[in-house]
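Undergrad: For reference, the file my_file.cif (mmCIF, C-alpha atoms) is included below:
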data_protein
#
loop_
_atom_site.label_atom_id
_atom_site.label_comp_id
_atom_site.auth_asym_id
_atom_site.auth_seq_id
_atom_site.Cartn_x
_atom_site.Cartn_y
_atom_site.Cartn_z
CA MET A 1 120.54 80.85 30.73
CA ALA A 2 116.91 80.15 29.94
CA THR A 3 116.05 83.76 30.70
CA ALA A 4 118.78 85.12 28.48
CA CYS A 5 117.63 82.79 25.75
CA ALA A 6 114.07 84.08 26.03
CA VAL A 7 115.23 87.67 25.76
CA ASP A 8 117.22 86.84 22.66
CA GLN A 9 114.19 85.24 21.12
CA LYS A 10 112.00 88.24 21.78
CA MET A 11 114.54 90.58 20.28
CA SER A 12 114.81 88.34 17.27
CA LEU A 13 111.08 88.15 16.98
CA SER A 14 110.79 91.89 17.12
CA ASN A 15 113.27 92.23 14.28
CA MET A 16 111.58 89.51 12.31
CA ARG A 17 108.14 90.96 12.73
CA SER A 18 108.99 94.47 11.77
CA ARG A 19 110.71 93.19 8.67
CA SER A 20 108.18 90.56 7.76
CA ARG A 21 105.16 92.83 8.29
CA ARG A 22 106.67 95.39 5.98
CA SER A 23 107.38 92.73 3.41
CA TYR A 24 103.98 91.10 3.47
CA THR A 25 102.45 93.98 1.61
CA LEU A 26 104.98 93.68 -1.14
CA PHE A 27 105.30 89.95 -1.44
CA ALA A 28 101.89 88.64 -0.37
CA TYR A 29 103.41 86.56 2.44
CA ARG A 30 105.67 84.67 0.07
CA GLU A 31 108.90 86.09 1.37
CA SER A 32 111.65 83.79 2.50
CA LEU A 33 113.11 85.17 5.69
CA PRO A 34 116.78 84.55 6.36
CA PHE A 35 116.44 82.50 9.54
CA GLY A 36 120.15 82.68 10.19
CA ASP A 37 119.72 86.40 10.79
CA ILE A 38 116.83 86.15 13.21
CA GLY A 39 118.38 83.96 15.84
CA ALA A 40 116.79 80.58 15.07
CA VAL A 41 119.02 77.84 16.40
CA PRO A 42 118.75 74.07 16.69
CA VAL A 43 116.39 73.28 19.53
CA ASP A 44 118.14 72.74 22.82
CA ARG A 45 116.49 70.80 25.60
CA GLU A 46 115.36 73.96 27.41
CA THR A 47 113.71 75.42 24.31
CA PHE A 48 112.01 72.13 23.49
CA LEU A 49 110.55 71.91 26.99
CA ALA A 50 109.70 75.62 27.14
CA ALA A 51 107.69 75.40 23.93
CA LEU A 52 105.84 72.32 25.14
CA SER A 53 105.13 73.76 28.59
CA ASN A 54 103.00 76.46 26.96
CA VAL A 55 100.91 73.83 25.20
CA ALA A 56 97.73 73.37 27.25
CA SER A 57 96.45 69.83 27.32
CA SER A 58 93.92 67.68 29.04
CA VAL A 59 95.19 65.00 31.36
CA ALA A 60 94.50 61.30 31.08
CA ALA A 61 95.29 58.25 33.14
CA VAL A 62 96.35 55.20 31.17
CA THR A 63 95.64 52.09 33.22
CA ALA A 64 96.24 48.39 32.68
CA TYR A 65 96.33 45.10 34.54
CA ASP A 66 99.30 42.81 34.58
CA LEU A 67 98.89 39.04 34.25
CA LYS A 68 98.35 38.74 38.01
CA ARG A 69 95.52 41.26 37.70
CA ASP A 70 97.37 43.87 39.71
CA PRO A 71 96.42 47.38 38.57
CA PHE A 72 98.95 49.76 37.01
CA GLY A 73 98.61 53.25 35.69
CA LEU A 74 100.32 56.48 34.79
CA THR A 75 99.38 60.07 34.04
CA VAL A 76 99.84 61.34 30.49
CA ASN A 77 99.17 64.50 28.61
CA ALA A 78 100.65 63.09 25.40
CA PHE A 79 97.57 61.34 24.08
CA ALA A 80 95.31 61.92 21.12
CA SER A 81 92.37 60.62 19.19
CA VAL A 82 93.63 59.04 15.99
CA SER A 83 90.80 57.64 13.91
CA LEU A 84 87.03 57.73 13.87
CA ASP A 85 86.50 54.64 11.71
CA PRO A 86 87.72 52.46 13.30
CA GLN A 87 87.85 54.25 16.63
CA LEU A 88 91.50 54.53 17.60
CA VAL A 89 93.30 56.55 20.25
CA LEU A 90 96.95 56.78 21.17
CA ALA A 91 99.09 57.53 24.19
CA CYS A 92 102.84 58.02 24.53
CA ILE A 93 104.29 55.89 27.31
CA ASP A 94 107.77 56.38 28.77
CA LEU A 95 109.94 53.31 28.25
CA GLN A 96 110.66 53.45 31.98
CA SER A 97 106.99 53.36 32.97
CA ASN A 98 105.88 50.40 35.10
CA THR A 99 102.61 50.40 33.16
CA LEU A 100 104.16 49.56 29.80
CA GLN A 101 104.70 45.88 30.49
CA PRO A 102 101.12 45.36 31.77
CA ILE A 103 99.81 47.04 28.62
CA ARG A 104 101.86 44.70 26.45
CA ALA A 105 101.04 41.62 28.54
CA SER A 106 97.30 42.22 28.74
CA GLY A 107 97.05 43.49 25.19
CA GLY A 108 95.12 46.57 26.12
CA PHE A 109 94.58 49.59 28.36
CA THR A 110 91.97 52.06 29.48
CA LEU A 111 92.25 55.74 28.65
CA ASN A 112 90.60 57.67 31.48
CA PHE A 113 89.99 61.37 30.82
CA LEU A 114 90.52 63.08 34.17
CA SER A 115 88.09 65.66 35.48
CA GLU A 116 88.85 69.02 37.05
CA GLY A 117 89.28 68.56 40.76
CA SER A 118 91.21 65.32 40.29
CA ALA A 119 94.70 66.80 40.18
CA HIS A 120 95.57 64.75 43.26
CA ILE A 121 94.79 61.59 41.30
CA ALA A 122 96.96 62.79 38.43
CA SER A 123 99.80 63.42 40.88
CA THR A 124 99.35 60.06 42.58
CA LEU A 125 99.39 58.21 39.28
CA ALA A 126 102.42 60.17 38.13
CA SER A 127 104.38 58.87 41.10
CA LYS A 128 106.35 55.62 41.30
CA ASP A 129 104.38 54.57 44.38
CA GLN A 130 103.69 50.85 44.03
CA GLU A 131 100.58 51.08 46.19
CA LYS A 132 99.00 54.01 44.42
CA PHE A 133 95.87 52.12 43.49
CA GLY A 134 95.13 51.61 47.17
CA ARG A 135 94.18 55.30 47.29
CA ILE A 136 92.31 55.60 44.00
CA PRO A 137 88.68 54.60 43.50
CA TYR A 138 88.29 52.40 40.48
CA ALA A 139 86.12 49.77 38.90
CA MET A 140 86.93 46.74 36.78
CA PRO A 141 86.58 47.26 33.05
CA GLU A 142 84.21 45.27 30.91
CA SER A 143 87.01 43.92 28.73
CA PRO A 144 89.60 41.62 30.30
CA LYS A 145 92.25 43.37 28.21
CA ALA A 146 91.47 46.86 29.52
CA GLY A 147 92.64 48.58 32.70
CA PRO A 148 90.95 50.01 35.79
CA VAL A 149 88.20 52.55 35.18
CA LEU A 150 88.56 55.66 37.33
CA VAL A 151 84.86 56.05 37.96
CA ASP A 152 85.10 58.98 40.36
CA ASP A 153 87.86 60.96 38.65
CA ALA A 154 87.23 60.62 34.93
CA PHE A 155 84.48 62.33 32.96
CA ALA A 156 84.81 59.64 30.29
CA TYR A 157 86.89 56.59 29.52
CA PHE A 158 87.69 54.32 26.59
CA GLU A 159 88.57 50.67 27.02
CA CYS A 160 91.11 49.79 24.35
CA GLU A 161 92.56 46.73 22.75
CA LEU A 162 96.17 47.21 21.79
CA ALA A 163 96.26 47.71 18.03
CA GLN A 164 99.80 48.92 17.38
CA VAL A 165 102.92 49.55 19.41
CA VAL A 166 105.37 52.00 17.89
CA GLU A 167 108.76 52.50 19.48
CA ALA A 168 109.80 56.13 19.19
CA GLY A 169 112.87 57.36 21.00
CA ASP A 170 112.54 57.17 24.77
CA HIS A 171 108.79 56.48 24.57
CA VAL A 172 106.44 53.97 23.04
CA VAL A 173 103.32 55.07 21.20
CA VAL A 174 100.50 52.67 22.01
CA ILE A 175 97.57 52.81 19.63
CA GLY A 176 94.37 51.32 20.97
CA LEU A 177 91.17 50.21 19.32
CA VAL A 178 88.28 51.47 21.45
CA THR A 179 86.13 48.47 22.32
CA THR A 180 83.82 50.11 24.82
CA GLY A 181 83.62 53.15 27.06
CA SER A 182 81.30 55.82 28.26
CA VAL A 183 80.81 59.46 29.07
CA LEU A 184 80.38 59.35 32.85
CA ASP A 185 79.31 62.92 33.55
CA ASP A 186 79.60 66.48 32.30
CA ARG A 187 82.41 67.68 34.51
CA LYS A 188 85.09 69.80 32.85
CA PRO A 189 88.47 68.31 32.03
CA LEU A 190 91.57 68.63 34.17
CA VAL A 191 94.05 70.75 32.23
CA TYR A 192 97.85 70.91 32.46
CA TRP A 193 99.49 74.14 31.38
CA ARG A 194 102.78 75.80 32.20
CA ARG A 195 103.62 72.94 34.55
CA SER A 196 100.49 73.32 36.67
CA PHE A 197 97.12 71.62 36.85
CA MET A 198 94.18 73.93 36.31
CA SER A 199 90.54 74.14 35.36
CA ILE A 200 89.17 75.65 32.21
CA HIS A 201 86.63 78.49 32.17
CA MET B 1 69.03 60.37 20.92
CA ALA B 2 72.23 61.85 22.23
CA THR B 3 70.29 63.52 25.02
CA ALA B 4 68.54 60.34 26.04
CA CYS B 5 71.87 58.59 26.02
CA ALA B 6 73.37 61.19 28.32
CA VAL B 7 70.49 60.85 30.74
CA ASP B 8 70.96 57.10 30.81
CA GLN B 9 74.61 57.53 31.54
CA LYS B 10 73.97 59.90 34.41
CA MET B 11 71.42 57.59 35.93
CA SER B 12 73.83 54.72 35.57
CA LEU B 13 76.59 56.76 37.07
CA SER B 14 74.43 57.67 40.00
CA ASN B 15 73.67 54.02 40.64
CA MET B 16 77.27 53.05 40.21
CA ARG B 17 78.56 55.73 42.49
CA SER B 18 76.20 55.09 45.35
CA ARG B 19 77.09 51.42 45.20
CA SER B 20 80.77 51.83 44.64
CA ARG B 21 81.23 54.48 47.32
CA ARG B 22 79.56 52.21 49.83
CA SER B 23 81.77 49.34 48.77
CA TYR B 24 85.05 51.22 48.81
CA THR B 25 85.06 51.21 52.59
CA LEU B 26 84.68 47.47 52.67
CA PHE B 27 86.87 46.45 49.78
CA ALA B 28 89.52 49.17 49.61
CA TYR B 29 88.62 50.02 46.01
CA ARG B 30 89.23 46.49 44.81
CA GLU B 31 85.62 45.78 43.97
CA SER B 32 84.72 44.57 40.52
CA LEU B 33 81.60 46.35 39.40
CA PRO B 34 79.25 44.51 37.07
CA PHE B 35 79.41 46.83 34.09
CA GLY B 36 76.57 45.05 32.39
CA ASP B 37 74.33 46.41 35.13
CA ILE B 38 75.42 50.00 34.90
CA GLY B 39 74.66 50.72 31.31
CA ALA B 40 78.10 50.56 29.71
CA VAL B 41 77.74 49.75 26.04
CA PRO B 42 80.11 49.55 23.10
CA VAL B 43 81.02 53.07 22.10
CA ASP B 44 78.83 54.47 19.39
CA ARG B 45 80.01 57.32 17.21
CA GLU B 46 78.11 59.93 19.24
CA THR B 47 79.60 58.79 22.53
CA PHE B 48 83.09 58.64 21.07
CA LEU B 49 82.80 62.20 19.79
CA ALA B 50 81.06 63.47 22.93
CA ALA B 51 83.86 62.17 25.13
CA LEU B 52 86.51 63.72 22.90
CA SER B 53 84.72 67.05 22.61
CA ASN B 54 85.19 67.57 26.35
CA VAL B 55 88.93 67.04 26.02
CA ALA B 56 90.55 70.47 25.95
CA SER B 57 93.55 70.71 23.70
CA SER B 58 95.88 73.22 22.22
CA VAL B 59 95.72 73.79 18.50
CA ALA B 60 98.58 73.36 16.06
CA ALA B 61 99.06 73.95 12.37
CA VAL B 62 101.00 71.26 10.54
CA THR B 63 102.57 72.74 7.43
CA ALA B 64 104.63 71.33 4.60
CA TYR B 65 105.83 72.14 1.10
CA ASP B 66 105.20 69.98 -1.89
CA LEU B 67 107.89 69.34 -4.48
CA LYS B 68 106.92 72.51 -6.35
CA ARG B 69 107.45 74.43 -3.08
CA ASP B 70 103.78 75.30 -2.79
CA PRO B 71 102.73 75.61 0.85
CA PHE B 72 100.20 73.26 2.43
CA GLY B 73 98.82 73.05 5.93
CA LEU B 74 96.06 71.86 8.19
CA THR B 75 94.81 72.46 11.70
CA VAL B 76 95.15 69.65 14.22
CA ASN B 77 94.44 69.14 17.87
CA ALA B 78 95.59 65.52 17.74
CA PHE B 79 99.28 66.06 18.27
CA ALA B 80 101.66 65.25 21.08
CA SER B 81 105.23 65.35 22.20
CA VAL B 82 106.63 61.85 22.03
CA SER B 83 110.25 61.71 23.12
CA LEU B 84 112.78 64.00 24.73
CA ASP B 85 115.92 62.13 23.58
CA PRO B 86 115.77 62.22 20.64
CA GLN B 87 113.24 65.04 20.36
CA LEU B 88 110.19 63.61 18.62
CA VAL B 89 106.66 64.90 18.18
CA LEU B 90 103.65 63.43 16.41
CA ALA B 91 100.52 64.58 14.66
CA CYS B 92 97.53 62.64 13.36
CA ILE B 93 96.71 63.53 9.76
CA ASP B 94 93.47 62.62 8.03
CA LEU B 95 94.06 60.37 5.02
CA GLN B 96 91.99 62.86 3.03
CA SER B 97 94.15 65.84 3.95
CA ASN B 98 95.86 67.66 1.09
CA THR B 99 98.87 68.15 3.34
CA LEU B 100 99.67 64.46 3.71
CA GLN B 101 101.27 64.05 0.31
CA PRO B 102 103.51 67.12 0.71
CA ILE B 103 104.65 65.77 4.10
CA ARG B 104 105.56 62.45 2.52
CA ALA B 105 107.13 64.05 -0.55
CA SER B 106 109.26 66.58 1.31
CA GLY B 107 110.08 64.21 4.13
CA GLY B 108 109.13 66.63 6.84
CA PHE B 109 106.76 69.21 8.29
CA THR B 110 106.59 72.09 10.71
CA LEU B 111 104.49 71.91 13.85
CA ASN B 112 103.28 75.43 14.61
CA PHE B 113 101.70 75.93 18.05
CA LEU B 114 98.96 78.49 17.52
CA SER B 115 98.49 81.43 19.86
CA GLU B 116 95.30 82.75 21.38
CA GLY B 117 93.80 85.27 19.02
CA SER B 118 94.64 83.18 15.97
CA ALA B 119 91.40 81.22 15.78
CA HIS B 120 90.82 82.71 12.32
CA ILE B 121 94.07 81.13 11.15
CA ALA B 122 93.01 77.81 12.61
CA SER B 123 89.71 78.07 10.76
CA THR B 124 91.38 79.07 7.51
CA LEU B 125 93.82 76.18 7.67
CA ALA B 126 91.01 73.78 8.54
CA SER B 127 89.28 74.65 5.28
CA LYS B 128 89.86 73.07 1.89
CA ASP B 129 90.59 76.46 0.37
CA GLN B 130 93.47 75.99 -2.08
CA GLU B 131 94.56 79.59 -1.69
CA LYS B 132 94.58 79.70 2.06
CA PHE B 133 98.24 80.55 2.32
CA GLY B 134 97.56 83.75 0.44
CA ARG B 135 95.91 85.06 3.60
CA ILE B 136 98.33 83.71 6.20
CA PRO B 137 101.61 85.38 7.13
CA TYR B 138 104.44 82.89 7.08
CA ALA B 139 108.16 82.56 6.68
CA MET B 140 110.32 79.91 5.07
CA PRO B 141 111.75 77.33 7.43
CA GLU B 142 115.44 76.78 7.89
CA SER B 143 115.25 73.15 6.81
CA PRO B 144 114.26 72.38 3.20
CA LYS B 145 112.21 69.45 4.52
CA ALA B 146 110.08 71.54 6.87
CA GLY B 147 106.94 73.56 6.20
CA PRO B 148 105.98 77.24 6.45
CA VAL B 149 106.55 78.87 9.83
CA LEU B 150 103.54 80.85 11.03
CA VAL B 151 105.58 83.66 12.51
CA ASP B 152 102.65 85.87 13.51
CA ASP B 153 100.26 83.21 14.76
CA ALA B 154 102.38 80.65 16.59
CA PHE B 155 104.00 81.11 19.97
CA ALA B 156 106.50 78.39 19.06
CA TYR B 157 107.27 75.99 16.25
CA PHE B 158 109.29 72.87 15.59
CA GLU B 159 110.75 72.03 12.20
CA CYS B 160 110.62 68.27 11.82
CA GLU B 161 112.17 65.62 9.65
CA LEU B 162 109.79 62.75 9.03
CA ALA B 163 110.94 59.89 11.23
CA GLN B 164 108.04 57.41 11.06
CA VAL B 165 104.72 57.19 9.28
CA VAL B 166 102.16 54.93 10.93
CA GLU B 167 98.91 54.17 9.16
CA ALA B 168 96.11 53.92 11.70
CA GLY B 169 92.52 53.67 10.53
CA ASP B 170 91.35 56.75 8.67
CA HIS B 171 94.40 58.75 9.74
CA VAL B 172 98.16 58.59 9.51
CA VAL B 173 100.36 59.27 12.51
CA VAL B 174 103.42 61.21 11.40
CA ILE B 175 106.29 61.18 13.86
CA GLY B 176 108.85 63.92 13.33
CA LEU B 177 112.36 64.43 14.58
CA VAL B 178 112.69 68.04 15.68
CA THR B 179 115.63 69.52 13.80
CA THR B 180 115.19 73.14 14.77
CA GLY B 181 112.58 75.51 16.11
CA SER B 182 112.04 78.31 18.52
CA VAL B 183 109.84 79.87 21.14
CA LEU B 184 108.68 83.01 19.37
CA ASP B 185 106.94 84.81 22.23
CA ASP B 186 105.08 84.28 25.48
CA ARG B 187 101.52 84.47 24.19
CA LYS B 188 99.07 81.92 25.56
CA PRO B 189 98.01 78.97 23.44
CA LEU B 190 94.84 78.79 21.40
CA VAL B 191 92.63 76.13 22.98
CA TYR B 192 89.87 74.01 21.45
CA TRP B 193 87.21 72.73 23.82
CA ARG B 194 83.61 71.65 23.37
CA ARG B 195 83.84 72.46 19.67
CA SER B 196 84.90 76.08 20.20
CA PHE B 197 88.14 77.97 20.16
CA MET B 198 88.96 79.74 23.38
CA SER B 199 91.69 81.28 25.48
CA ILE B 200 92.99 79.93 28.75
CA HIS B 201 93.05 81.95 31.99
#
Turn this file's structure into structure tokens for me.

TA:
Amino acid sequence: MATACAVDQKMSLSNMRSRSRRSYTLFAYRESLPFGDIGAVPVDRETFLAALSNVASSVAAVTAYDLKRDPFGLTVNAFASVSLDPQLVLACIDLQSNTLQPIRASGGFTLNFLSEGSAHIASTLASKDQEKFGRIPYAMPESPKAGPVLVDDAFAYFECELAQVVEAGDHVVVIGLVTTGSVLDDRKPLVYWRRSFMSIH
Amino acid sequence: MATACAVDQKMSLSNMRSRSRRSYTLFAYRESLPFGDIGAVPVDRETFLAALSNVASSVAAVTAYDLKRDPFGLTVNAFASVSLDPQLVLACIDLQSNTLQPIRASGGFTLNFLSEGSAHIASTLASKDQEKFGRIPYAMPESPKAGPVLVDDAFAYFECELAQVVEAGDHVVVIGLVTTGSVLDDRKPLVYWRRSFMSIH
């Protein structure tokens, strides 16, 4: 079904392009195309995921301690820098993630930017394995509110104090104020694209 | 100064690593490293930007219409998928962006995922040029709340209804409910990394 859908889209695109290219000359790109005619449909789950799978992104590990100081963490590619002044970053955390409660309880997290070559760490942190931090090298953060710092697998990290928590559908957007952090080395980032980890050249 | 800073960080990292690697065997990665000794400092603006510049990201164009139906848009790499059910995405918009008011006024936007080869479109949309849409091919969206669809330069797009607006420092996080959209073709994404546009291989 996904394949058939893709074929339909290409045919539609072909129609759309030939028509729109012709029209651009006449209407200086102001034409309104009749989307009903070109196959645009409400986004189904497959289309939503297919579009996003072609979005290349770096990979980060969001880590936090719970109140017993046990380490938690998960792998995310839905993160972003938000503000330069003050320095804010965000990450989208699944409501089902075990790391969400530690982030709320400690009032902070660490955003670790994973390096190329650390796909195994990304996979480990993406698992539900309760003992995953037994196999990951990490150091304590400077701030008591922040999470483990992945000193061997991140090229940089930001320790964050929780600034805002925004519930959004099946995820929570955590916005963190960067309180400290560092560039650890000049390794390239680990990249996730088309459902695979890769390096960038 | 940035160079000296980087050298310091590498020296610190070297110290940290030799110590931490030795300790991992003994303490099973549970060691708390004294960050004060390894040169971690509150993040200055240069470090913040240096860390983020090594984060590879895809590039999107957020577009919207104002109430006069004039098209607006900007280039962002701070965007993310948020939720699968319901389908939500977000983008971080500079408070100074001309596109912010049209997004608020129309109650929506379109997130266009730019394709490799469209770096010139990304640059055009990143400018303050008032006439930039005169040089960009686009089509009208299906939804009256959404923005122009960059049919020639995006491999996919999502039309969004504004679901939440979160003020965060010098930016606003706009969270959009995806109401329609499409995968247009199978071109690779345009990627921004180390302050340059590039393709992915």

Undergrad: Please provide the set of residues having any atom within 7 Å of range 56-69 of chain B, restricted to all atoms listed in the file, with same-chain residues fewer than 3 positions apart removed, written as a ChimeraX atom specification.

TA: /A:55-58,189 /B:72-77,99,102-103,105-106,108-114,146-148,189-193

Undergrad: CA of Arg187 in chain A to CA of Ala156 in chain A: how many Å, to one decimal?

TA: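 According to the coordinates, CA of Arg187 in chain A and CA of Ala156 in chain A are separated by 9.4 Å.
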
Undergrad: Kindly determine which residues of chain A lie within 6 Å of chain B, considering only C-alpha atoms, and give the answer as a list in words.

TA: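 The selection requested is Tyr29, Ser32, Leu33, Pro42, Val43, Ala51, Val55, Ala56, Ser57, Ser58, Ala78, Ala80, Val82, Ser83, Pro86, Cys92, Pro137, Ala139, Met140, Glu142, Ala156, Gly169, Asp170, His171, Thr180, Gly181 and Val183 of chain A.
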
Undergrad: Could you please determine the separation between CA of Ala126 in chain B and CA of Asn98 in chain B in Å, to one decimal place?

TA: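 Computing the Euclidean distance for CA of Ala126 in chain B and CA of Asn98 in chain B yields 10.8 Å.
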
Undergrad: Please compute the CA of Lys145 in chain B-CA of Lys132 in chain B distance, one decimal, in Å.

TA: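 Straight-line distance from CA of Lys145 in chain B to CA of Lys132 in chain B works out to 20.5 Å.
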
Undergrad: Which is closer to Lys128 in chain B than all the others in B:Ser97, B:Phe197, B:Val165, B:Ser53, using all atoms listed in the file?

TA: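 Between B:Ser97, B:Phe197, B:Val165, B:Ser53, the residue approaching Lys128 in chain B most closely is B:Ser97.
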